[in-house]
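Read through the structure below, which is laid out as structure tokens, and then see the notes.
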Amino acid sequence: MSEAPLLQARDLRKTYRLGRVDVPVLRGADFSMKQGEWVAILGSSGSGKSTLLHLLGLLDEPDAGSGGLWFEGNAVAGLRGGARNHYRNRSVGFVFQFYHLLPELNVLENALLPCKVAAGITGWPAARAEARERVSALLQGFGLSNRMQHRPRELSGGERQRVAIARALSNQPRVLLADEPTGNLDARTGGEILDMIAQLHRKGLSIAMVTHDPAVAARADRIVHLVDGKVAG
Amino acid sequence: MYAFQLANRYLTSRIIPLIAVAAVALCVALVVIVVSVMSGFLDMLKSSGRTLMGDVVINYPVRGLPWYDELIAEIQALPQAEAATPLIDTYGLIRMPYPQGGDKEVVTANVWGVEPRSFERVTDFTKTLYWQPPKDEAAAQAMRKEDPRLQLSPQIATDGAALRQSGTNEPGMVMGIHVSIVNERQRDGSYRNRFGWFMPDQRVTLTLVPISGKGTVAEPRERLFPIVNEFRSGVYQIDKNRVLVPLSEAQQMLRMDAGLQYDMDAPPNADGSQPVLGKSPARVHRVLVRAKPGVTPDQLRDAVEVAYDRFQLKMLQDSGKIAKPPRRDMVSILTWEQHLRDLIGPVEKEREMMRILFSIVYLVCAGLVLSIFWAIVQEKSRDIGILRSIGASRPGVLWIFLQYGLVIGAVGGVVGVGLGWVVISNINAIHEVIGEDAPSWSWIGAFAVAAVALVMAVRGALAGSLLRSLLWMVFAVTLCVAGAGLIAHRGTLIWDPAVYYFSSIPDKVDWLTAAITWVGAVVFSVLGASVPAAKAADIDPVRALRYE
């Protein structure tokens, strides 16, 4: 008997309202990935690939009446409030095309943010030392040891994305959800980021990566094509 | 924790929150200053009212109360009463010793005839006596150096307290410090003699007009009094108008002393005189009563009313006394607050109105915080999306901005209270500066700095920076306007002691009001922040994170 998939979605639908027009983005997408797998979700612009990723990370909600979403065999689509936040905080880690670092915080503070959210105001003093040590090690591993105290605007694009990945991994999530992680980088820097992701994957990290670039998608274990809001083939 | 960190960073990394802090601070300072001055004014009014007339006043003007000694005995038997004193309250003319030669100046005065010892027990009036003998030789020398005429005899304080000149044993008069024109008030609140006159060396003529039993004006009476001291109550109107003389002298001059009462309707005796009806008692216009510690004026007034009824009954039953006291409803028995109602009431109302008006200031605070935060939330919506994507809860996001408002309100409030404290503490000095023409260096300085700013503006323009040039220009224009204002400024007396009763502006911060205002600033800043905070919490992370 095979293990339950790490992340499974069935018949996901999502419609956006633009003015008076309903724009269906996902029209019943199915998705499944195993523990330790690196899956690329490949699709053209507007195919709904980012929306799928947002739904997988519980950042967005599917339409009422659409199918379900399971994480390690547990239904998570119906989670509300604190449980949703907890899932976003612990179970998954998001990486975005535009890094999305907070400009007021330095590199270490940015990367520590999910740990602070996890610990809460009362738990943070106790969790602080361990979290700082772990996240510092992570940043060092990403070659950012001399950038800890810098603000994001002082970093290059590649460095920013590495900080963003460190932030996504700071709470040791089960799966990394990457939305065009190399989309804003030149080919060489993008390649470095992909090398880094590949290295994380080799160490056992499960990765779902959205891209429009077949060359980028080719680095993954498996490619899922998204066409017109449905998984093709 | 992250909420605190972010609120802190949002606060310190930009200028707009500082503007909000400054605005809150100014609002708070405004309220603290105005309400403190008005509260201080009210307190001064109330405390001076109390020290000037005790806690309860029995008032029967013009004709006067007979048998007041019996009434006072009745009152002093009350457990609520500490002391009571009879008082003559009338108006008279005083002929001053100045100017040298020629026609002397004549002023009108509110003349109080008092019995010094009991008056002191009710009002502590000796504390208001201004001329006190120097404490030691050093103080005496300093005094002589300042004004060679101030050879104050050691008796001056005791003479003032007894209303009697010890050398001649004549009954003396104690004047309000502003009754004569010779005392010039200094900046530090002390007085200097003007025109070489020192009133406690002088004698004045007092003229009083007695009112006959039928209520007609009788022959005016004159009497020479040595001035034995001067008093300063702090209430300008009183210091300007009131003089104290011994009760018996005032009664004699007003024909309110004890005497025989003749029957004017009966046929005359053989020797042509009218038959005697009986003994006519001395009368006074008022009896002042002081409460025992812990007894409120209202409690005392109720007790005094009962005592008055007892007194009246006794007098009515006493057939030996032909003059009967008036019924209680003809006499006004009031607490000092009721007595000064005309004075205190409007000020209290004014203060309440100020409080209401200034609650609008809070709305300004809230609106300001709201609009500034609204802009910040708009600008930070992407950050909020990021926070949500890493698992921050909506209350967490809400908390960032509420905390932000809390800090702005709290810090602004503290700065405002501090500012208010600085202004209030120096309000009399500030008032004096406003009261004078602006010194020339002030506007010359303003124009000089404006010229420099203009040069900077031109340099900015040459360097191609429109914003810099414009900012310098605004600065220069502001300074020019300020300079022009300073040139045009002519001394304005805002706090006229003749209007406000007190010769100095109250300079104590009303800390209760300050605390309430601070809390109000915090509450309204948080309220103002709550709307944008709720908007922030409602931000859809997907929308916020969508491509730029």
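Naming scheme: A, B, ... for chains in displayed order of the structure tokens; residues 1 onward per chain; ligands 1 onward as shown.
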
| query | Neighbours of Ile408 in chain B within 7 Å (only C-alpha atoms; same-chain residues fewer than 6 positions away dropped), as a VMD selection string? | reply | chain B and resid 20 to 21 525

Take the selection from the previous step and output its residues with C-alpha atoms, as a PDB file, in the first residue's frame.
```
ATOM      1  CA  ALA B  20       1.260  62.830  13.539  1.00  0.00           C
ATOM      2  CA  VAL B  21       3.149  62.812  16.842  1.00  0.00           C
ATOM      3  CA  SER B 525      -5.214  57.913  18.209  1.00  0.00           C
TER       4      SER B 525
END
```

(message) List as a VMD selection string the protein and nucleic acid residues near Val231 in chain A, meaning an atom at most 9 Å away when only C-alpha atoms are counted, but skip any in the same chain fewer than 6 places from it.
(response) chain A and resid 28 to 31 224 to 225

Kindly save the residues from that selection, with N, CA and C atoms included, as a CSV table (one decimal), in the first residue's frame.
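What landed in result-v5.csv:
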```csv
chain,number,residue,atom,x,y,z
A,28,GLY,N,-11.3,23.1,-12.5
A,28,GLY,CA,-11.3,21.7,-12.0
A,28,GLY,C,-9.9,21.1,-12.2
A,29,ALA,N,-9.0,21.7,-11.5
A,29,ALA,CA,-7.6,21.2,-11.6
A,29,ALA,C,-7.4,20.1,-10.6
A,30,ASP,N,-6.7,19.1,-11.0
A,30,ASP,CA,-6.2,18.0,-10.1
A,30,ASP,C,-4.7,18.1,-10.0
A,31,PHE,N,-4.2,17.8,-8.8
A,31,PHE,CA,-2.8,17.9,-8.5
A,31,PHE,C,-2.4,16.9,-7.4
A,224,VAL,N,4.0,19.3,-14.5
A,224,VAL,CA,2.5,19.2,-14.7
A,224,VAL,C,2.2,20.4,-15.6
A,225,HIS,N,1.5,20.2,-16.7
A,225,HIS,CA,1.1,21.2,-17.6
A,225,HIS,C,-0.2,21.7,-17.3
```

Chain A residues within 7 Å of chain B, counting only C-alpha atoms: which ones, as a list in words? Leu59, Asp60, Asn85, His86, Arg88, Asn89, His100, Leu102, Glu104, Leu113, Pro114, Lys116, Val117, Gly120, Ile121 and Trp124 of chain A

>> Residues near Pro181 in chain A, anyone? I mean within 10 Å using only C-alpha atoms, not counting same-chain ones fewer than 5 positions away, as a list in words.
In response: Phe94, Val95, Phe96, Gln97, Phe98, Tyr99, Gly158, Gln161, Arg162, Ala164, Ile165, Gly190, Ile193, Leu194, Ile197, Met209, Val210, Thr211 and Val216 of chain A

Next, the residues of the selection above should be written as a PDB file, in the first residue's frame with N, CA and C atoms.
```
ATOM      1  N   PHE A  94       6.385  29.901   1.209  1.00  0.00           N
ATOM      2  CA  PHE A  94       6.202  30.541  -0.088  1.00  0.00           C
ATOM      3  C   PHE A  94       7.465  31.270  -0.537  1.00  0.00           C
ATOM      4  N   VAL A  95       7.761  31.153  -1.861  1.00  0.00           N
ATOM      5  CA  VAL A  95       8.789  31.999  -2.477  1.00  0.00           C
ATOM      6  C   VAL A  95       8.138  32.657  -3.688  1.00  0.00           C
ATOM      7  N   PHE A  96       8.333  33.969  -3.832  1.00  0.00           N
ATOM      8  CA  PHE A  96       7.662  34.697  -4.907  1.00  0.00           C
ATOM      9  C   PHE A  96       8.667  35.226  -5.932  1.00  0.00           C
ATOM     10  N   GLN A  97       8.121  35.556  -7.097  1.00  0.00           N
ATOM     11  CA  GLN A  97       8.973  36.084  -8.159  1.00  0.00           C
ATOM     12  C   GLN A  97       9.683  37.364  -7.723  1.00  0.00           C
ATOM     13  N   PHE A  98       8.939  38.243  -7.021  1.00  0.00           N
ATOM     14  CA  PHE A  98       9.520  39.543  -6.647  1.00  0.00           C
ATOM     15  C   PHE A  98      10.032  39.542  -5.206  1.00  0.00           C
ATOM     16  N   TYR A  99      10.453  38.403  -4.747  1.00  0.00           N
ATOM     17  CA  TYR A  99      11.110  38.222  -3.436  1.00  0.00           C
ATOM     18  C   TYR A  99      10.195  38.577  -2.271  1.00  0.00           C
ATOM     19  N   GLY A 158      19.586  38.227  -6.873  1.00  0.00           N
ATOM     20  CA  GLY A 158      19.855  36.847  -6.481  1.00  0.00           C
ATOM     21  C   GLY A 158      19.938  36.702  -4.975  1.00  0.00           C
ATOM     22  N   GLN A 161      16.509  36.858  -3.457  1.00  0.00           N
ATOM     23  CA  GLN A 161      15.738  35.635  -3.599  1.00  0.00           C
ATOM     24  C   GLN A 161      16.247  34.565  -2.623  1.00  0.00           C
ATOM     25  N   ARG A 162      17.560  34.562  -2.378  1.00  0.00           N
ATOM     26  CA  ARG A 162      18.090  33.591  -1.420  1.00  0.00           C
ATOM     27  C   ARG A 162      17.561  33.875  -0.015  1.00  0.00           C
ATOM     28  N   ALA A 164      14.714  35.270   0.563  1.00  0.00           N
ATOM     29  CA  ALA A 164      13.312  34.863   0.525  1.00  0.00           C
ATOM     30  C   ALA A 164      13.179  33.351   0.729  1.00  0.00           C
ATOM     31  N   ILE A 165      14.100  32.587   0.130  1.00  0.00           N
ATOM     32  CA  ILE A 165      14.050  31.131   0.298  1.00  0.00           C
ATOM     33  C   ILE A 165      14.365  30.768   1.755  1.00  0.00           C
ATOM     34  N   GLY A 190      19.495  33.217 -12.133  1.00  0.00           N
ATOM     35  CA  GLY A 190      18.378  32.279 -12.058  1.00  0.00           C
ATOM     36  C   GLY A 190      18.885  30.855 -11.954  1.00  0.00           C
ATOM     37  N   ILE A 193      20.029  30.149  -8.491  1.00  0.00           N
ATOM     38  CA  ILE A 193      18.904  29.906  -7.577  1.00  0.00           C
ATOM     39  C   ILE A 193      18.368  28.482  -7.787  1.00  0.00           C
ATOM     40  N   LEU A 194      18.253  28.085  -9.073  1.00  0.00           N
ATOM     41  CA  LEU A 194      17.759  26.728  -9.353  1.00  0.00           C
ATOM     42  C   LEU A 194      18.709  25.676  -8.798  1.00  0.00           C
ATOM     43  N   ILE A 197      17.942  25.401  -5.238  1.00  0.00           N
ATOM     44  CA  ILE A 197      16.697  24.663  -4.997  1.00  0.00           C
ATOM     45  C   ILE A 197      16.943  23.165  -5.198  1.00  0.00           C
ATOM     46  N   MET A 209       6.845  24.061  -7.883  1.00  0.00           N
ATOM     47  CA  MET A 209       7.390  25.281  -8.480  1.00  0.00           C
ATOM     48  C   MET A 209       6.582  25.648  -9.718  1.00  0.00           C
ATOM     49  N   VAL A 210       6.122  26.888  -9.729  1.00  0.00           N
ATOM     50  CA  VAL A 210       5.354  27.383 -10.871  1.00  0.00           C
ATOM     51  C   VAL A 210       6.305  28.115 -11.807  1.00  0.00           C
ATOM     52  N   THR A 211       6.194  27.829 -13.103  1.00  0.00           N
ATOM     53  CA  THR A 211       7.022  28.558 -14.066  1.00  0.00           C
ATOM     54  C   THR A 211       6.357  28.552 -15.432  1.00  0.00           C
ATOM     55  N   VAL A 216      13.295  25.971 -17.233  1.00  0.00           N
ATOM     56  CA  VAL A 216      13.320  25.957 -15.769  1.00  0.00           C
ATOM     57  C   VAL A 216      12.580  24.721 -15.270  1.00  0.00           C
TER      58      VAL A 216
END
```

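Of the listed residues (B:Ile15, B:Ile177, B:Ala533, B:Leu129), B:Leu129 comes nearest to Gly160 in chain B; the distances count only C-alpha atoms.
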
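For range 127-134 of chain A, the non-local neighbours within 9 Å, defined as residues at least 4 positions apart in the same chain or in other chains and counting only C-alpha atoms, are Leu108, Leu112, Cys115, Lys116, Ala119, Gly123, Leu138, Leu139, Ser170 and Asn171 of chain A.
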
Can you tell me which residues surround Pro134 in chain B at a distance of at most 9 Å, considering only C-alpha atoms, apart from same-chain residues fewer than 6 positions away, and format the answer as an mmCIF file with N, CA and C atoms, in the first residue's frame?
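Generated output (part.cif):
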```cif
data_model
loop_
_atom_site.group_PDB
_atom_site.id
_atom_site.type_symbol
_atom_site.label_atom_id
_atom_site.label_comp_id
_atom_site.auth_asym_id
_atom_site.auth_seq_id
_atom_site.Cartn_x
_atom_site.Cartn_y
_atom_site.Cartn_z
ATOM 1 N N ALA B 140 17.296 92.501 56.421
ATOM 2 C CA ALA B 140 17.023 93.907 56.669
ATOM 3 C C ALA B 140 17.914 94.790 55.800
ATOM 4 N N GLN B 141 19.198 94.408 55.721
ATOM 5 C CA GLN B 141 20.130 95.199 54.909
ATOM 6 C C GLN B 141 19.754 95.141 53.435
ATOM 7 N N MET B 143 16.911 94.737 52.260
ATOM 8 C CA MET B 143 15.701 95.521 52.076
ATOM 9 C C MET B 143 16.026 97.008 52.005
ATOM 10 N N LEU B 152 11.476 98.906 58.128
ATOM 11 C CA LEU B 152 10.266 98.357 58.716
ATOM 12 C C LEU B 152 10.464 98.100 60.193
ATOM 13 N N SER B 153 9.564 98.649 60.965
ATOM 14 C CA SER B 153 9.683 98.422 62.394
ATOM 15 C C SER B 153 9.231 97.002 62.680
ATOM 16 N N PRO B 154 9.755 96.416 63.734
ATOM 17 C CA PRO B 154 9.370 95.036 64.056
ATOM 18 C C PRO B 154 7.884 94.932 64.360
#
```

* Find the spatial neighbours of Leu206 in chain B, counting only C-alpha atoms, within a cut-off of 6 Å - ignore same-chain residues fewer than 2 positions away - and output them as a list in words. =>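 Once the adjacent positions are removed, what remains is Leu93, Ile94, Glu222 and Arg223 of chain B.
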
Checklist entry - If you run DSSP on the backbone, which residues of range 45-131 of chain B are strand (DSSP E or B), as a ChimeraX atom specification? => result /B:56-59,65-66,81-95,106-114,129

**Nearest-residue call for Gly367 in chain B, choices B:Ser530, B:Gln165, B:Thr123, B:Gln100, using only C-alpha atoms** =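 That would be B:Ser530, the residue with the smallest distance to Gly367 in chain B.
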